[in-house]
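Okay, structure first, notes after.
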Amino acid sequence: MDFTNANWRKSSRSSDQANCVEVAHVANRVAIRDSKNPDGPVLHFGRVDWSTFTR
């Protein structure tokens, strides 16, 4: 998948130190990445799987 134009977000409770997980909605997937390594690997899940995980 291409995440070049993804709108990455992190929790408003996160500090300014890049040490958290960022989330983006891309097509029918939810992508997550480590904010310390934005050019590193991206995990992505179907929306149902993401919903189950966050519940």
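Simple scheme: letters A, B, ... for chains in structure tokens order, numbers from 1 for residues in each chain, numbers from 1 for ligands in the order shown.
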**Q.** Those of chain A in DSSP alpha helix (DSSP H), formatted as a PyMOL selection string
**A.** chain A and resi 47-54
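Around Arg29 (chain A), within 9 Å and counting only C-alpha atoms, the residues found are His44, Phe45, Gly46, Arg47 and Trp50 of chain A, once anything fewer than 6 positions away on its own chain is removed.
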Could those residues be written to a file, using C-alpha atoms, as a short mmCIF file (atom, residue, chain, number, x, y, z; two decimals), in the first residue's frame?
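Generated output (selection29.cif):
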data_model
loop_
_atom_site.label_atom_id
_atom_site.label_comp_id
_atom_site.auth_asym_id
_atom_site.auth_seq_id
_atom_site.Cartn_x
_atom_site.Cartn_y
_atom_site.Cartn_z
CA HIS A 44 -2.21 -2.04 8.51
CA PHE A 45 -5.42 -3.74 9.46
CA GLY A 46 -8.96 -4.04 8.20
CA ARG A 47 -11.45 -1.75 9.93
CA TRP A 50 -8.98 -2.48 14.22
#
(Q) Just the number, please: distance in Å from CA of Pro38 (chain A) to CA of Ser51 (chain A), one decimal. (A) 23.2 Å
Q | Selection: 7 Å around Ala6 (chain A), only C-alpha atoms, excl. self and same-chain fewer than 2 positions, as an MDAnalysis selection string | A | chainID A and resid 3:4 8 24 26
Would you export the selected residues with N, CA and C atoms as an mmCIF file, in the first residue's frame, please?
data_model
loop_
_atom_site.group_PDB
_atom_site.id
_atom_site.type_symbol
_atom_site.label_atom_id
_atom_site.label_comp_id
_atom_site.auth_asym_id
_atom_site.auth_seq_id
_atom_site.Cartn_x
_atom_site.Cartn_y
_atom_site.Cartn_z
ATOM 1 N N PHE A 3 1.417 4.837 1.457
ATOM 2 C CA PHE A 3 1.043 5.681 2.596
ATOM 3 C C PHE A 3 1.612 7.096 2.462
ATOM 4 N N THR A 4 2.069 7.439 1.267
ATOM 5 C CA THR A 4 2.703 8.733 1.031
ATOM 6 C C THR A 4 1.815 9.906 1.429
ATOM 7 N N TRP A 8 -1.438 11.210 9.023
ATOM 8 C CA TRP A 8 -1.075 10.550 10.279
ATOM 9 C C TRP A 8 -1.489 11.400 11.472
ATOM 10 N N ALA A 24 -3.422 6.268 10.801
ATOM 11 C CA ALA A 24 -3.975 6.898 9.593
ATOM 12 C C ALA A 24 -5.010 5.969 8.987
ATOM 13 N N VAL A 26 -6.468 4.773 5.571
ATOM 14 C CA VAL A 26 -6.088 4.748 4.161
ATOM 15 C C VAL A 26 -6.956 3.703 3.465
#
Surrounding residues of Arg9 (chain A) excluding itself and chain neighbours under 4 positions, 10 Å, only C-alpha atoms, as a PDB file with C-alpha atoms, in the first residue's frame:
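selection.pdb, written as the output of this step:
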ATOM      1  CA  VAL A  21       2.078   5.397  17.762  1.00  0.00           C
ATOM      2  CA  GLU A  22       0.490   7.281  14.869  1.00  0.00           C
ATOM      3  CA  VAL A  23      -2.678   6.166  13.100  1.00  0.00           C
ATOM      4  CA  ALA A  24      -3.975   6.898   9.593  1.00  0.00           C
ATOM      5  CA  HIS A  25      -7.066   5.780   7.694  1.00  0.00           C
ATOM      6  CA  ILE A  32      -0.184   2.413  12.360  1.00  0.00           C
ATOM      7  CA  SER A  35       6.402   8.136  15.344  1.00  0.00           C
TER       8      SER A  35
END
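Relative to CA of Cys20 (chain A), CA of Arg33 (chain A) is found at 8.6 Å.
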Q. Tell me, which residues of chain A carry DSSP strand (DSSP E), written as a list in words?
A. Val21, Glu22, Val23, Ala24, His25, Val26, Arg29, Val30, Ala31, Ile32, Arg33, Asp34, Leu43, His44, Phe45 and Gly46 of chain A
Please write the residues from the selection above to a file, keeping N, CA and C atoms, as a compact mmCIF listing (two decimals), in the first residue's frame.
# COMPACT_ATOMS: atom_id res chain seq x y z
N VAL A 21 2.59 6.05 18.96
CA VAL A 21 2.08 5.40 17.76
C VAL A 21 1.20 6.39 17.01
N GLU A 22 1.33 6.43 15.71
CA GLU A 22 0.49 7.28 14.87
C GLU A 22 -0.45 6.40 14.06
N VAL A 23 -1.64 6.92 13.80
CA VAL A 23 -2.68 6.17 13.10
C VAL A 23 -3.14 6.96 11.88
N ALA A 24 -3.42 6.27 10.80
CA ALA A 24 -3.97 6.90 9.59
C ALA A 24 -5.01 5.97 8.99
N HIS A 25 -6.06 6.55 8.42
CA HIS A 25 -7.07 5.78 7.69
C HIS A 25 -6.74 5.91 6.21
N VAL A 26 -6.47 4.77 5.57
CA VAL A 26 -6.09 4.75 4.16
C VAL A 26 -6.96 3.70 3.46
N ARG A 29 -8.46 0.58 5.14
CA ARG A 29 -7.52 0.05 6.12
C ARG A 29 -7.22 1.09 7.19
N VAL A 30 -6.73 0.62 8.32
CA VAL A 30 -6.22 1.49 9.37
C VAL A 30 -4.74 1.16 9.50
N ALA A 31 -3.90 2.17 9.32
CA ALA A 31 -2.46 1.97 9.35
C ALA A 31 -1.89 2.55 10.64
N ILE A 32 -0.86 1.89 11.18
CA ILE A 32 -0.18 2.41 12.36
C ILE A 32 1.32 2.37 12.12
N ARG A 33 2.02 3.34 12.74
CA ARG A 33 3.48 3.38 12.63
C ARG A 33 4.06 4.00 13.90
N ASP A 34 5.34 3.80 14.08
CA ASP A 34 6.08 4.35 15.22
C ASP A 34 6.48 5.78 14.86
N LEU A 43 2.22 -1.03 9.83
CA LEU A 43 1.29 -2.14 9.96
C LEU A 43 -0.08 -1.63 9.53
N HIS A 44 -0.86 -2.47 8.87
CA HIS A 44 -2.21 -2.04 8.51
C HIS A 44 -3.18 -3.18 8.70
N PHE A 45 -4.39 -2.80 9.09
CA PHE A 45 -5.42 -3.74 9.46
C PHE A 45 -6.74 -3.36 8.81
N GLY A 46 -7.60 -4.32 8.64
CA GLY A 46 -8.96 -4.04 8.20
C GLY A 46 -9.70 -3.29 9.31
(Q) So the first atom is CA of Thr54 (chain A) and the second is CA of Lys10 (chain A); what is the distance between them in Å, to one decimal place? (A) 14.5 Å
